[in-house]
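Colleague: I'm passing along structure10.csv; it holds CSV, N, CA and C atoms and all ligand atoms.
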```
chain,number,residue,atom,x,y,z
A,1,MET,N,206.7,78.8,113.5
A,1,MET,CA,205.2,78.8,113.3
A,1,MET,C,204.9,80.2,112.9
A,2,LYS,N,204.1,80.3,111.8
A,2,LYS,CA,203.6,81.6,111.3
A,2,LYS,C,202.7,82.3,112.3
A,3,PRO,N,202.8,83.5,112.5
A,3,PRO,CA,201.8,84.2,113.3
A,3,PRO,C,200.5,84.3,112.6
A,4,TYR,N,199.4,84.1,113.2
A,4,TYR,CA,198.1,84.2,112.6
A,4,TYR,C,197.3,85.4,113.2
A,5,GLU,N,196.6,86.0,112.4
A,5,GLU,CA,195.7,87.1,112.8
A,5,GLU,C,194.3,86.6,112.8
A,6,PRO,N,193.7,86.6,114.0
A,6,PRO,CA,192.2,86.2,114.0
A,6,PRO,C,191.4,87.2,113.3
A,7,VAL,N,190.5,86.8,112.4
A,7,VAL,CA,189.5,87.6,111.7
A,7,VAL,C,188.2,87.0,112.0
A,8,ILE,N,187.3,87.8,112.7
A,8,ILE,CA,186.0,87.2,113.1
A,8,ILE,C,184.9,88.0,112.4
A,9,GLY,N,184.1,87.3,111.7
A,9,GLY,CA,182.9,87.9,111.1
A,9,GLY,C,181.6,87.5,111.8
A,10,LEU,N,180.7,88.4,111.9
A,10,LEU,CA,179.5,88.2,112.5
A,10,LEU,C,178.3,88.4,111.5
A,11,GLU,N,177.4,87.5,111.6
A,11,GLU,CA,176.1,87.7,110.8
A,11,GLU,C,175.0,87.9,111.9
A,12,VAL,N,174.5,89.1,111.9
A,12,VAL,CA,173.6,89.5,113.0
A,12,VAL,C,172.2,89.6,112.4
A,13,HIS,N,171.2,89.0,113.0
A,13,HIS,CA,169.8,89.1,112.5
A,13,HIS,C,169.1,89.9,113.6
A,14,ALA,N,168.4,90.9,113.2
A,14,ALA,CA,167.6,91.8,114.1
A,14,ALA,C,166.3,92.1,113.5
A,15,GLN,N,165.3,92.3,114.3
A,15,GLN,CA,164.0,92.8,113.8
A,15,GLN,C,163.9,94.2,114.2
A,16,LEU,N,163.8,95.1,113.2
A,16,LEU,CA,163.7,96.5,113.4
A,16,LEU,C,162.2,96.9,113.6
A,17,LEU,N,162.0,97.9,114.4
A,17,LEU,CA,160.7,98.3,114.7
A,17,LEU,C,160.1,99.3,113.7
A,18,THR,N,160.1,98.9,112.5
A,18,THR,CA,159.5,99.6,111.4
A,18,THR,C,158.0,99.3,111.3
A,19,GLN,N,157.3,100.2,110.7
A,19,GLN,CA,155.8,100.0,110.5
A,19,GLN,C,155.5,99.0,109.3
A,20,THR,N,156.5,99.0,108.4
A,20,THR,CA,156.3,98.1,107.2
A,20,THR,C,157.6,97.3,106.9
A,21,LYS,N,157.4,96.3,106.1
A,21,LYS,CA,158.5,95.4,105.8
A,21,LYS,C,159.7,96.2,105.1
A,22,ILE,N,160.8,95.5,105.0
A,22,ILE,CA,162.0,96.2,104.5
A,22,ILE,C,161.9,96.5,103.0
A,23,PHE,N,161.2,95.6,102.2
A,23,PHE,CA,161.3,95.8,100.7
A,23,PHE,C,159.9,96.0,100.1
A,24,CYS,N,158.8,96.3,100.9
A,24,CYS,CA,157.5,96.6,100.4
A,24,CYS,C,156.8,97.4,101.5
A,25,GLU,N,155.5,97.7,101.2
A,25,GLU,CA,154.7,98.5,102.1
A,25,GLU,C,153.8,97.7,102.9
A,26,CYS,N,154.0,96.4,103.0
A,26,CYS,CA,153.1,95.6,103.8
A,26,CYS,C,153.4,95.9,105.3
A,27,PRO,N,152.3,95.9,106.1
A,27,PRO,CA,152.5,96.2,107.5
A,27,PRO,C,153.2,95.0,108.2
A,28,THR,N,153.7,95.2,109.4
A,28,THR,CA,154.4,94.2,110.2
A,28,THR,C,153.8,94.0,111.5
A,29,ALA,N,152.4,94.1,111.6
A,29,ALA,CA,151.7,94.1,112.8
A,29,ALA,C,151.8,92.7,113.4
A,30,PHE,N,152.2,92.6,114.7
A,30,PHE,CA,152.3,91.3,115.4
A,30,PHE,C,150.9,90.8,115.6
A,31,GLY,N,150.6,89.5,115.4
A,31,GLY,CA,149.4,88.9,115.7
A,31,GLY,C,148.3,88.9,114.6
A,32,ALA,N,148.7,89.5,113.5
A,32,ALA,CA,147.7,89.5,112.4
A,32,ALA,C,147.5,88.1,111.8
A,33,PRO,N,146.3,87.9,111.3
A,33,PRO,CA,146.0,86.5,110.7
A,33,PRO,C,147.1,86.2,109.6
A,34,PRO,N,147.3,84.9,109.4
A,34,PRO,CA,148.3,84.5,108.4
A,34,PRO,C,147.9,85.0,107.0
A,35,ASN,N,148.9,85.3,106.2
A,35,ASN,CA,148.7,85.7,104.8
A,35,ASN,C,147.8,87.0,104.6
A,36,ASN,N,147.8,87.8,105.6
A,36,ASN,CA,147.1,89.1,105.4
A,36,ASN,C,148.0,90.3,105.2
A,37,GLN,N,149.3,90.1,105.5
A,37,GLN,CA,150.3,91.2,105.4
A,37,GLN,C,151.3,90.8,104.3
A,38,ILE,N,150.7,90.6,103.1
A,38,ILE,CA,151.5,90.1,102.0
A,38,ILE,C,151.1,90.9,100.7
A,39,CYS,N,152.0,90.9,99.8
A,39,CYS,CA,151.7,91.6,98.5
A,39,CYS,C,152.6,90.9,97.4
A,40,PRO,N,152.4,91.3,96.1
A,40,PRO,CA,153.2,90.7,95.1
A,40,PRO,C,154.7,90.8,95.3
A,41,VAL,N,155.2,91.8,95.9
A,41,VAL,CA,156.6,92.0,96.1
A,41,VAL,C,157.1,90.9,97.1
A,42,CYS,N,156.5,90.9,98.3
A,42,CYS,CA,157.1,90.0,99.4
A,42,CYS,C,156.7,88.6,99.1
A,43,THR,N,155.8,88.3,98.2
A,43,THR,CA,155.6,86.9,97.8
A,43,THR,C,156.4,86.5,96.6
A,44,GLY,N,157.2,87.4,96.1
A,44,GLY,CA,158.1,87.1,95.0
A,44,GLY,C,157.4,86.9,93.6
A,45,GLN,N,156.3,87.6,93.4
A,45,GLN,CA,155.6,87.4,92.1
A,45,GLN,C,156.4,87.9,90.9
A,46,PRO,N,156.4,87.3,89.8
A,46,PRO,CA,157.2,87.8,88.6
A,46,PRO,C,156.9,89.2,88.3
A,47,GLY,N,158.0,90.0,88.2
A,47,GLY,CA,157.9,91.4,87.8
A,47,GLY,C,157.7,92.4,88.9
A,48,ALA,N,157.4,91.9,90.1
A,48,ALA,CA,157.2,92.7,91.3
A,48,ALA,C,158.6,93.1,91.9
A,49,LEU,N,158.9,94.4,91.8
A,49,LEU,CA,160.3,94.8,92.3
A,49,LEU,C,160.2,95.4,93.7
A,50,PRO,N,161.2,95.1,94.5
A,50,PRO,CA,161.3,95.6,95.8
A,50,PRO,C,161.7,97.1,95.9
A,51,VAL,N,161.2,97.8,96.9
A,51,VAL,CA,161.6,99.2,97.2
A,51,VAL,C,162.0,99.2,98.6
A,52,LEU,N,163.2,99.7,98.8
A,52,LEU,CA,163.9,99.7,100.1
A,52,LEU,C,163.2,100.6,101.1
A,53,ASN,N,162.9,100.2,102.3
A,53,ASN,CA,162.3,101.0,103.4
A,53,ASN,C,163.3,102.0,103.9
A,54,ARG,N,163.1,103.3,103.8
A,54,ARG,CA,164.0,104.3,104.2
A,54,ARG,C,164.3,104.2,105.7
A,55,THR,N,163.2,104.0,106.5
A,55,THR,CA,163.4,103.9,108.0
A,55,THR,C,164.3,102.7,108.3
A,56,ALA,N,164.2,101.6,107.7
A,56,ALA,CA,165.1,100.5,107.9
A,56,ALA,C,166.6,100.9,107.7
A,57,VAL,N,166.8,101.6,106.6
A,57,VAL,CA,168.2,102.1,106.3
A,57,VAL,C,168.7,103.0,107.4
A,58,GLU,N,167.8,103.9,107.8
A,58,GLU,CA,168.2,104.9,108.9
A,58,GLU,C,168.5,104.1,110.2
A,59,TYR,N,167.7,103.1,110.5
A,59,TYR,CA,168.0,102.3,111.7
A,59,TYR,C,169.3,101.5,111.6
A,60,ALA,N,169.6,101.0,110.4
A,60,ALA,CA,170.8,100.3,110.1
A,60,ALA,C,172.0,101.2,110.3
A,61,ILE,N,171.9,102.4,109.8
A,61,ILE,CA,173.0,103.4,109.9
A,61,ILE,C,173.2,103.7,111.4
A,62,ARG,N,172.2,103.9,112.1
A,62,ARG,CA,172.3,104.2,113.6
A,62,ARG,C,173.0,103.0,114.3
A,63,ALA,N,172.7,101.8,113.9
A,63,ALA,CA,173.3,100.6,114.5
A,63,ALA,C,174.8,100.6,114.1
A,64,GLY,N,175.1,100.9,112.9
A,64,GLY,CA,176.5,100.9,112.4
A,64,GLY,C,177.3,102.0,113.1
A,65,LEU,N,176.7,103.2,113.3
A,65,LEU,CA,177.4,104.2,114.0
A,65,LEU,C,177.7,103.8,115.4
A,66,ALA,N,176.7,103.2,116.1
A,66,ALA,CA,176.9,102.7,117.5
A,66,ALA,C,178.0,101.7,117.6
A,67,LEU,N,178.2,100.9,116.5
A,67,LEU,CA,179.2,99.9,116.5
A,67,LEU,C,180.5,100.3,115.9
A,68,ASN,N,180.6,101.7,115.7
A,68,ASN,CA,181.8,102.3,115.2
A,68,ASN,C,182.2,101.7,113.8
A,69,CYS,N,181.2,101.5,112.9
A,69,CYS,CA,181.4,101.0,111.6
A,69,CYS,C,181.7,102.2,110.6
A,70,ARG,N,182.2,101.8,109.5
A,70,ARG,CA,182.3,102.7,108.4
A,70,ARG,C,181.0,102.6,107.6
A,71,ILE,N,180.4,103.7,107.4
A,71,ILE,CA,179.1,103.7,106.7
A,71,ILE,C,179.4,104.0,105.2
A,72,ALA,N,178.9,103.1,104.4
A,72,ALA,CA,179.2,103.3,102.9
A,72,ALA,C,178.3,104.3,102.3
A,73,ALA,N,178.9,105.1,101.4
A,73,ALA,CA,178.1,106.1,100.7
A,73,ALA,C,177.2,105.4,99.7
A,74,THR,N,177.6,104.3,99.2
A,74,THR,CA,176.8,103.5,98.2
A,74,THR,C,176.8,102.1,98.7
A,75,SER,N,175.7,101.5,98.7
A,75,SER,CA,175.5,100.1,99.2
A,75,SER,C,174.7,99.3,98.2
A,76,VAL,N,174.9,98.0,98.1
A,76,VAL,CA,174.2,97.2,97.1
A,76,VAL,C,173.5,96.0,97.8
A,77,PHE,N,172.3,95.7,97.4
A,77,PHE,CA,171.6,94.5,97.8
A,77,PHE,C,171.7,93.5,96.6
A,78,ALA,N,171.8,92.3,96.9
A,78,ALA,CA,171.8,91.2,95.9
A,78,ALA,C,170.7,90.2,96.1
A,79,ARG,N,170.2,89.6,95.1
A,79,ARG,CA,169.2,88.6,95.2
A,79,ARG,C,169.9,87.2,95.2
A,80,LYS,N,169.8,86.5,96.2
A,80,LYS,CA,170.4,85.2,96.4
A,80,LYS,C,169.4,84.1,96.2
A,81,ASN,N,169.5,83.4,95.1
A,81,ASN,CA,168.6,82.4,94.7
A,81,ASN,C,169.0,81.0,95.3
A,82,TYR,N,168.0,80.4,96.0
A,82,TYR,CA,168.3,79.1,96.5
A,82,TYR,C,166.9,78.5,96.9
A,83,PHE,N,166.9,77.2,97.0
A,83,PHE,CA,165.7,76.5,97.4
A,83,PHE,C,165.7,76.3,98.9
A,84,TYR,N,164.6,76.6,99.6
A,84,TYR,CA,164.5,76.3,101.0
A,84,TYR,C,163.0,76.1,101.3
A,85,PRO,N,162.6,75.1,102.0
A,85,PRO,CA,161.2,74.7,102.2
A,85,PRO,C,160.3,75.9,102.6
A,86,ASP,N,160.8,76.8,103.5
A,86,ASP,CA,159.9,77.9,103.9
A,86,ASP,C,160.2,79.2,103.1
A,87,LEU,N,160.8,79.1,102.0
A,87,LEU,CA,161.1,80.2,101.1
A,87,LEU,C,160.6,80.0,99.7
A,88,PRO,N,159.2,80.0,99.6
A,88,PRO,CA,158.6,79.6,98.3
A,88,PRO,C,159.0,80.5,97.1
A,89,LYS,N,159.4,81.7,97.4
A,89,LYS,CA,159.7,82.6,96.2
A,89,LYS,C,161.1,82.2,95.7
A,90,GLY,N,161.9,81.5,96.4
A,90,GLY,CA,163.1,81.0,95.8
A,90,GLY,C,164.3,81.9,95.9
A,91,TYR,N,164.2,83.0,96.6
A,91,TYR,CA,165.3,83.9,96.7
A,91,TYR,C,165.3,84.7,98.0
A,92,GLN,N,166.4,85.2,98.4
A,92,GLN,CA,166.5,86.1,99.6
A,92,GLN,C,167.3,87.3,99.1
A,93,ILE,N,166.8,88.5,99.6
A,93,ILE,CA,167.6,89.7,99.2
A,93,ILE,C,168.5,89.9,100.4
A,94,SER,N,169.8,90.1,100.0
A,94,SER,CA,170.8,90.1,101.0
A,94,SER,C,171.9,91.1,100.6
A,95,GLN,N,172.8,91.4,101.5
A,95,GLN,CA,174.0,92.2,101.1
A,95,GLN,C,175.2,91.3,101.1
A,96,TYR,N,176.1,91.6,100.1
A,96,TYR,CA,177.2,90.7,99.9
A,96,TYR,C,178.5,91.5,99.9
A,97,ASP,N,178.9,92.0,98.8
A,97,ASP,CA,180.2,92.6,98.7
A,97,ASP,C,180.2,94.2,98.9
A,98,ARG,N,179.0,94.8,99.0
A,98,ARG,CA,179.0,96.2,99.3
A,98,ARG,C,177.9,96.5,100.3
A,99,PRO,N,178.2,96.1,101.6
A,99,PRO,CA,177.2,96.3,102.7
A,99,PRO,C,177.2,97.8,103.1
A,100,LEU,N,176.1,98.1,103.8
A,100,LEU,CA,175.9,99.5,104.3
A,100,LEU,C,176.9,99.8,105.4
A,101,CYS,N,177.2,98.9,106.3
A,101,CYS,CA,178.1,99.1,107.4
A,101,CYS,C,179.1,98.0,107.5
A,102,GLN,N,180.4,98.4,107.7
A,102,GLN,CA,181.4,97.4,107.9
A,102,GLN,C,182.6,98.0,108.7
A,103,GLU,N,183.4,97.1,109.1
A,103,GLU,CA,184.6,97.4,109.8
A,103,GLU,C,184.3,98.0,111.2
A,104,GLY,N,183.3,97.6,111.8
A,104,GLY,CA,182.9,98.1,113.1
A,104,GLY,C,183.6,97.3,114.2
B,1,ZN,ZN,154.6,92.9,100.8
```
For this file, write the structure as structure tokens.
Ligand SMILES: [Zn+2]
Modeller:
Amino acid sequence: MKPYEPVIGLEVHAQLLTQTKIFCECPTAFGAPPNNQICPVCTGQPGALPVLNRTAVEYAIRAGLALNCRIAATSVFARKNYFYPDLPKGYQISQYDRPLCQEG
């Protein structure tokens, strides 16, 4: 029997304590009325481009360092298009082949 090497991948979801969302300047205040913390970017309006939140990147690097990850000098976000009932804009911004932190 061939020896096998277990390879385990984790997808971790965390809510960072930033003042604004990760790809726009909308606030993230808990308890705000529905549809008050939105803008053309986070609602996926045509032509509205995301801008990455610097604090979110800093927090992600801190988490990566705590988990003994290799921190990439260059990282890429990708737009993943798919239909989901609670995702009316039709895409999710995600990391795929060039994540910020890996091998931790
Ligand atoms: Zn927004």
Colleague: Which residues form the shell of 8 Å around ligand ZN 1 (chain B) when you count only C-alpha atoms and all ligand atoms, given as JSON, numbers by chain?
Modeller: {"A": [21, 23, 24, 25, 26, 27, 37, 38, 39, 40, 41, 42, 43]}
Colleague: Mind checking DSSP for region 16-79 of chain A and telling me the strand (DSSP E or B) residues as a ChimeraX atom specification?
Modeller: /A:20,27,70-71,77-79
Colleague: Restricting the calculation to only C-alpha atoms, which member of A:Ala63, A:Ala78, A:Gly44, A:Ala73 is positioned closest to Gly90 (chain A)?
Modeller: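 When distances to Gly90 (chain A) are compared using only C-alpha atoms, the smallest one comes from A:Gly44.
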Colleague: What gap, in Å, lies between CA of Tyr59 (chain A) and atom C of Leu17 (chain A)?
Modeller: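 So the answer is 8.7 Å.
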Colleague: What is the distance between atom N of Gly9 (chain A) and atom C of Tyr96 (chain A), in Å to one decimal?
Modeller: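 Spanning atom N of Gly9 (chain A) to atom C of Tyr96 (chain A) is a straight-line distance of 13.7 Å.
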Colleague: Residues around (160.8, 102.1, 112.3), cut-off 8 Å, counting only C-alpha atoms - what are they as an NGL selection string?
Modeller: :A and (16-20 or 55-56 or 59)
Colleague: Select, counting only C-alpha atoms, all protein, DNA and RNA residues no farther than 10 Å from (175.9, 103.9, 101.2) in file coordinates, and express the selection as a list in words.
Modeller: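 The answer, in the requested form, is Val57, Ile61, Arg70, Ile71, Ala72, Ala73, Thr74, Ser75, Val76, Arg98, Pro99, Leu100 and Cys101 of chain A.
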Colleague: Could the residues in this selection be saved with N, CA and C atoms as a short mmCIF file (atom, residue, chain, number, x, y, z; two decimals), in the frame of the given file?
Modeller:
```cif
data_model
loop_
_atom_site.label_atom_id
_atom_site.label_comp_id
_atom_site.auth_asym_id
_atom_site.auth_seq_id
_atom_site.Cartn_x
_atom_site.Cartn_y
_atom_site.Cartn_z
N VAL A 57 166.80 101.60 106.60
CA VAL A 57 168.20 102.10 106.30
C VAL A 57 168.70 103.00 107.40
N ILE A 61 171.90 102.40 109.80
CA ILE A 61 173.00 103.40 109.90
C ILE A 61 173.20 103.70 111.40
N ARG A 70 182.20 101.80 109.50
CA ARG A 70 182.30 102.70 108.40
C ARG A 70 181.00 102.60 107.60
N ILE A 71 180.40 103.70 107.40
CA ILE A 71 179.10 103.70 106.70
C ILE A 71 179.40 104.00 105.20
N ALA A 72 178.90 103.10 104.40
CA ALA A 72 179.20 103.30 102.90
C ALA A 72 178.30 104.30 102.30
N ALA A 73 178.90 105.10 101.40
CA ALA A 73 178.10 106.10 100.70
C ALA A 73 177.20 105.40 99.70
N THR A 74 177.60 104.30 99.20
CA THR A 74 176.80 103.50 98.20
C THR A 74 176.80 102.10 98.70
N SER A 75 175.70 101.50 98.70
CA SER A 75 175.50 100.10 99.20
C SER A 75 174.70 99.30 98.20
N VAL A 76 174.90 98.00 98.10
CA VAL A 76 174.20 97.20 97.10
C VAL A 76 173.50 96.00 97.80
N ARG A 98 179.00 94.80 99.00
CA ARG A 98 179.00 96.20 99.30
C ARG A 98 177.90 96.50 100.30
N PRO A 99 178.20 96.10 101.60
CA PRO A 99 177.20 96.30 102.70
C PRO A 99 177.20 97.80 103.10
N LEU A 100 176.10 98.10 103.80
CA LEU A 100 175.90 99.50 104.30
C LEU A 100 176.90 99.80 105.40
N CYS A 101 177.20 98.90 106.30
CA CYS A 101 178.10 99.10 107.40
C CYS A 101 179.10 98.00 107.50
#
```
Colleague: Can you check which residues of chain A DSSP gives as alpha helix (DSSP H) on the backbone and send them as a ChimeraX atom specification?
Modeller: /A:54-66
Colleague: Suppose you want the space between CA of Lys89 (chain A) and CA of Glu58 (chain A); what is it in Å?
Modeller: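 So the answer is 27.0 Å.
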Colleague: What lies within 6.5 Å of Asn68 (chain A) using all atoms listed in the file, ignoring chain neighbours under 2 positions off, as number ranges by chain?
Modeller: A: 63-66, 70, 102-104
Colleague: Give me the residues within 6 Å of region 80-83 of chain A as a ChimeraX atom specification, counting only N, CA and C atoms and dropping any in the same chain fewer than 4 places off.
Modeller: /A:90-94
